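Colleague: Enclosed is the structure file data.pdb (PDB, C-alpha atoms).
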```
ATOM      1  CA  MET M   1       9.820  -1.977  -8.555
ATOM      2  CA  ARG M   2       7.369  -3.606 -10.906
ATOM      3  CA  LYS M   3       5.214  -1.506 -13.204
ATOM      4  CA  SER M   4       2.115  -2.245 -11.148
ATOM      5  CA  TYR M   5       3.703  -0.219  -8.331
ATOM      6  CA  ARG M   6       4.168   2.911 -10.473
ATOM      7  CA  VAL M   7       2.026   5.934 -11.239
ATOM      8  CA  LYS M   8       2.918   6.595 -14.869
ATOM      9  CA  LYS M   9       0.131   8.473 -16.656
ATOM     10  CA  GLU M  10      -0.172  12.247 -16.597
ATOM     11  CA  ALA M  11      -3.866  12.043 -15.666
ATOM     12  CA  GLU M  12      -3.027   9.901 -12.618
ATOM     13  CA  PHE M  13      -0.317  12.362 -11.540
ATOM     14  CA  GLN M  14      -2.792  15.242 -11.850
ATOM     15  CA  GLU M  15      -5.424  13.369  -9.859
ATOM     16  CA  VAL M  16      -3.000  12.956  -6.951
ATOM     17  CA  PHE M  17      -1.890  16.617  -7.181
ATOM     18  CA  GLU M  18      -5.486  17.818  -7.153
ATOM     19  CA  ALA M  19      -6.197  15.893  -3.943
ATOM     20  CA  ARG M  20      -3.936  18.502  -2.269
ATOM     21  CA  GLN M  21      -2.706  16.240   0.526
ATOM     22  CA  SER M  22       0.974  16.996   0.797
ATOM     23  CA  VAL M  23       3.835  17.251   3.259
ATOM     24  CA  ALA M  24       7.396  18.381   2.722
ATOM     25  CA  ASN M  25      10.829  18.552   4.225
ATOM     26  CA  ARG M  26      13.941  20.167   2.738
ATOM     27  CA  GLN M  27      14.634  17.283   0.370
ATOM     28  CA  PHE M  28      11.235  15.900  -0.672
ATOM     29  CA  VAL M  29       7.601  16.816  -1.225
ATOM     30  CA  ILE M  30       5.175  13.911  -0.778
ATOM     31  CA  TYR M  31       1.657  13.982  -2.264
ATOM     32  CA  GLN M  32      -0.807  11.226  -1.460
ATOM     33  CA  LEU M  33      -4.249  10.070  -2.531
ATOM     34  CA  GLU M  34      -6.226   7.356  -0.735
ATOM     35  CA  ARG M  35      -7.344   4.457  -2.946
ATOM     36  CA  PRO M  36      -9.492   2.170  -0.736
ATOM     37  CA  ASN M  37      -9.932  -0.634  -3.311
ATOM     38  CA  GLN M  38      -6.268  -0.821  -4.307
ATOM     39  CA  LYS M  39      -4.245  -3.972  -3.484
ATOM     40  CA  HIS M  40      -0.916  -2.175  -3.018
ATOM     41  CA  PHE M  41       0.564   1.302  -3.108
ATOM     42  CA  ARG M  42       1.715   2.997  -6.310
ATOM     43  CA  VAL M  43       4.503   5.560  -6.547
ATOM     44  CA  GLY M  44       5.316   8.336  -8.995
ATOM     45  CA  ILE M  45       8.720   9.993  -8.824
ATOM     46  CA  SER M  46       9.468  13.458 -10.169
ATOM     47  CA  VAL M  47      12.974  14.880 -10.393
ATOM     48  CA  GLY M  48      13.224  18.342 -11.957
ATOM     49  CA  LYS M  49      15.840  19.746 -14.302
ATOM     50  CA  LYS M  50      17.318  21.905 -11.532
ATOM     51  CA  ILE M  51      18.855  18.709 -10.128
ATOM     52  CA  GLY M  52      21.074  18.133 -13.156
ATOM     53  CA  ASN M  53      21.303  16.458 -16.525
ATOM     54  CA  ALA M  54      19.347  13.323 -17.462
ATOM     55  CA  VAL M  55      22.013  10.939 -16.175
ATOM     56  CA  HIS M  56      22.076  12.626 -12.768
ATOM     57  CA  ARG M  57      18.256  12.792 -12.542
ATOM     58  CA  ASN M  58      17.981   9.061 -13.312
ATOM     59  CA  TRP M  59      20.647   8.350 -10.675
ATOM     60  CA  VAL M  60      18.553  10.234  -8.089
ATOM     61  CA  LYS M  61      15.392   8.368  -9.163
ATOM     62  CA  ARG M  62      17.152   5.002  -8.796
ATOM     63  CA  ARG M  63      18.144   5.914  -5.229
ATOM     64  CA  ILE M  64      14.592   6.952  -4.356
ATOM     65  CA  ARG M  65      13.180   3.768  -5.928
ATOM     66  CA  GLN M  66      15.643   1.578  -4.019
ATOM     67  CA  SER M  67      14.785   3.302  -0.739
ATOM     68  CA  LEU M  68      11.076   2.761  -1.366
ATOM     69  CA  PHE M  69      11.715  -0.876  -2.287
ATOM     70  CA  GLU M  70      13.446  -1.416   1.064
ATOM     71  CA  LEU M  71      10.525   0.269   2.873
ATOM     72  CA  LYS M  72       7.867  -1.631   0.893
ATOM     73  CA  PRO M  73       6.645  -3.876   3.770
ATOM     74  CA  PHE M  74       6.130  -0.859   6.034
ATOM     75  CA  LEU M  75       4.307   1.444   3.607
ATOM     76  CA  LYS M  76       0.569   1.999   3.661
ATOM     77  CA  GLN M  77      -0.901  -0.117   0.852
ATOM     78  CA  ASP M  78      -4.110   1.638  -0.231
ATOM     79  CA  VAL M  79      -2.579   4.874  -1.482
ATOM     80  CA  ASP M  80      -0.991   6.550  -4.505
ATOM     81  CA  ILE M  81       2.178   8.469  -3.600
ATOM     82  CA  LEU M  82       4.082  11.121  -5.536
ATOM     83  CA  VAL M  83       7.646  11.811  -4.443
ATOM     84  CA  ILE M  84       9.071  15.082  -5.724
ATOM     85  CA  ALA M  85      12.787  15.557  -5.204
ATOM     86  CA  ARG M  86      14.114  18.995  -4.378
ATOM     87  CA  PRO M  87      17.551  20.154  -5.650
ATOM     88  CA  MET M  88      19.322  19.386  -2.354
ATOM     89  CA  VAL M  89      18.788  15.640  -2.941
ATOM     90  CA  SER M  90      21.511  15.503  -5.578
ATOM     91  CA  GLU M  91      24.192  16.090  -2.929
ATOM     92  CA  LEU M  92      23.065  13.299  -0.572
ATOM     93  CA  SER M  93      24.488   9.833  -0.085
ATOM     94  CA  MET M  94      22.242   6.773  -0.394
ATOM     95  CA  ALA M  95      21.886   6.484   3.394
ATOM     96  CA  ALA M  96      21.032  10.174   3.750
ATOM     97  CA  THR M  97      18.525   9.978   0.887
ATOM     98  CA  LYS M  98      16.754   7.070   2.585
ATOM     99  CA  ARG M  99      16.811   8.802   5.986
ATOM    100  CA  HIS M 100      15.252  12.004   4.593
ATOM    101  CA  LEU M 101      12.688  10.021   2.602
ATOM    102  CA  ILE M 102      11.713   8.122   5.777
ATOM    103  CA  HIS M 103      11.286  11.467   7.555
ATOM    104  CA  ALA M 104       8.992  12.771   4.802
ATOM    105  CA  LEU M 105       6.967   9.523   4.751
ATOM    106  CA  LYS M 106       6.537   9.697   8.533
ATOM    107  CA  LEU M 107       5.285  13.280   8.230
ATOM    108  CA  ALA M 108       2.746  12.034   5.668
ATOM    109  CA  LYS M 109       1.797   9.137   7.994
ATOM    110  CA  LEU M 110       2.512   6.633   5.226
ATOM    111  CA  LEU M 111       4.834   4.372   7.233
ATOM    112  CA  ASP M 112       3.321   1.736   9.509
ATOM    113  CA  SER M 113       3.570   2.370  13.224
ATOM    114  CA  ASP M 114       5.648  -0.797  13.658
ATOM    115  CA  TYR M 115       8.514   0.602  11.546
ATOM    116  CA  SER M 116      11.583   1.464  13.569
ATOM    117  CA  GLU M 117      14.936   2.985  12.658
ATOM    118  CA  GLU M 118      16.768  -0.251  13.600
ATOM    119  CA  GLU M 119      15.278  -1.975  10.562
ATOM    120  CA  LYS M 120      17.363   0.081   8.112
TER     121      LYS M 120
END
```
Could you render the structure as structure tokens?
Modeller:
Amino acid sequence: MRKSYRVKKEAEFQEVFEARQSVANRQFVIYQLERPNQKHFRVGISVGKKIGNAVHRNWVKRRIRQSLFELKPFLKQDVDILVIARPMVSELSMAATKRHLIHALKLAKLLDSDYSEEEK
């Protein structure tokens, strides 16, 4: 994903956290903040040290980023999203990671209503 699609600064992360709009499943916690004047969504990804060493954490982040890239046309556009990976994510395959991320995004109501499971 291009840099314009990323939440990078600490102040921006804190702003989304302080909005306190979150949902979770066993693998992910999703925070969101509405941004009405924004052209497209932005995503911040956090993978803690409990998941593994730096190589393993980056591997998990790449999988999350790829899943979000594939879901890009179906995601709500005027929002900042933080995806926090829980330790169980490190044991998942790519397909399972995407499936659990879709579940968390549906709980947060961030996927368009026209998204269906057949479009994987």
Colleague: Point out the residue among M:Met94, M:Val23, M:Val16, M:Ala104 with the least atom-to-atom distance to Leu82 of chain M, counting all atoms listed in the file.
Modeller: M:Val16
Colleague: Take atom CA of Arg42 of chain M and atom CA of Ile30 of chain M and report the distance between them in Å, one decimal.
Modeller: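 A separation of 12.7 Å between them.
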Colleague: By how many Å are atom CA of Arg99 of chain M and atom CA of Gln77 of chain M apart?
Modeller: 20.5 Å
Colleague: Using only C-alpha atoms, determine which residues lie at most 10 Å from Arg26 of chain M, disregarding the query and same-chain residues fewer than 6 positions distant; provide the list as a PyMOL selection string.
Modeller: chain M and resi 85-89+100+104
Colleague: Looking at M:Glu91, M:Glu34, M:Asp112, M:Glu18, which one is nearest to Val79 of chain M, with distances taken over only C-alpha atoms?
Modeller: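 Among M:Glu91, M:Glu34, M:Asp112, M:Glu18, it is M:Glu34 that comes nearest to Val79 of chain M.
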Colleague: Go ahead and fit an axis-aligned box to every listed atom of segment 35-53 of chain M plus 8 Å each side, and pass me the centre and edge lengths in Å, one decimal, as AutoDock Vina command-line options.
Modeller:
```
--center_x 5.7 --center_y 9.0 --center_z -8.6 --size_x 47.2 --size_y 41.9 --size_z 31.8
```
Colleague: Calculated over all atoms listed in the file, which of the candidates M:Asn25, M:Ile64, M:Leu33, M:Gly44 has the smallest distance to Lys9 of chain M?
Modeller: M:Gly44
Colleague: Which residues are close to Val43 of chain M, i.e. within 7 Å by all atoms listed in the file, leaving aside same-chain residues fewer than 6 positions away? Reply as a PDB file with C-alpha atoms, in the coordinates of the input.
Modeller:
```pdb
ATOM      1  CA  TYR M   5       3.703  -0.219  -8.331  1.00  0.00           C
ATOM      2  CA  ARG M   6       4.168   2.911 -10.473  1.00  0.00           C
ATOM      3  CA  VAL M   7       2.026   5.934 -11.239  1.00  0.00           C
ATOM      4  CA  ASP M  80      -0.991   6.550  -4.505  1.00  0.00           C
ATOM      5  CA  ILE M  81       2.178   8.469  -3.600  1.00  0.00           C
ATOM      6  CA  LEU M  82       4.082  11.121  -5.536  1.00  0.00           C
TER       7      LEU M  82
END
```
Colleague: Starting from the displayed file, determine the output of the PyMOL selection byres ((chain M and resi 50) around 10) and express the residue list as a PyMOL selection string.
Modeller: chain M and resi 47-49+51-53+57+86-88+90
Colleague: Please provide the set of residues having any atom within 8 Å of Arg20 of chain M, restricted to all atoms listed in the file, with same-chain residues fewer than 3 positions apart removed, written as a PyMOL selection string.
Modeller: chain M and resi 16-17+31-32
Colleague: Kindly save the residues from that selection, with C-alpha atoms included, as an mmCIF file, in the frame of the given file.
Modeller:
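Resulting contents of part.cif:
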```
data_model
loop_
_atom_site.group_PDB
_atom_site.id
_atom_site.type_symbol
_atom_site.label_atom_id
_atom_site.label_comp_id
_atom_site.auth_asym_id
_atom_site.auth_seq_id
_atom_site.Cartn_x
_atom_site.Cartn_y
_atom_site.Cartn_z
ATOM 1 C CA VAL M 16 -3.000 12.956 -6.951
ATOM 2 C CA PHE M 17 -1.890 16.617 -7.181
ATOM 3 C CA TYR M 31 1.657 13.982 -2.264
ATOM 4 C CA GLN M 32 -0.807 11.226 -1.460
#
```
Colleague: Could you tell me which of M:Ile102, M:Val83, M:Ala96, M:Leu68 comes closest to Ser46 of chain M if we count all atoms listed in the file?
Modeller: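 When distances to Ser46 of chain M are compared using all atoms listed in the file, the smallest one comes from M:Val83.
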Colleague: If you count only C-alpha atoms, which residues fall within 6 Å of Arg35 of chain M, apart from same-chain ones fewer than 2 positions away, as a list in words?
Modeller: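 The residues satisfying every condition are Asn37, Gln38, Asp78 and Val79 of chain M.
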Colleague: Any idea what's packed within 10 Å of Ala95 of chain M, counting only C-alpha atoms, ignoring anything in its chain fewer than 3 positions away? Could you give it as a PyMOL selection string?
Modeller: chain M and resi 63+67+92+98-101+120
Colleague: Can you spit out the residues from that selection as a PDB file, in the frame of the given file, using C-alpha atoms?
Modeller:
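Now in part-v5.pdb:
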```
ATOM      1  CA  ARG M  63      18.144   5.914  -5.229  1.00  0.00           C
ATOM      2  CA  SER M  67      14.785   3.302  -0.739  1.00  0.00           C
ATOM      3  CA  LEU M  92      23.065  13.299  -0.572  1.00  0.00           C
ATOM      4  CA  LYS M  98      16.754   7.070   2.585  1.00  0.00           C
ATOM      5  CA  ARG M  99      16.811   8.802   5.986  1.00  0.00           C
ATOM      6  CA  HIS M 100      15.252  12.004   4.593  1.00  0.00           C
ATOM      7  CA  LEU M 101      12.688  10.021   2.602  1.00  0.00           C
ATOM      8  CA  LYS M 120      17.363   0.081   8.112  1.00  0.00           C
TER       9      LYS M 120
END
```
Colleague: What's the separation between atom CA of Phe28 of chain M and atom CA of Ile84 of chain M, in Å to one decimal place?
Modeller: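 Calculated distance between atom CA of Phe28 of chain M and atom CA of Ile84 of chain M is 5.6 Å.
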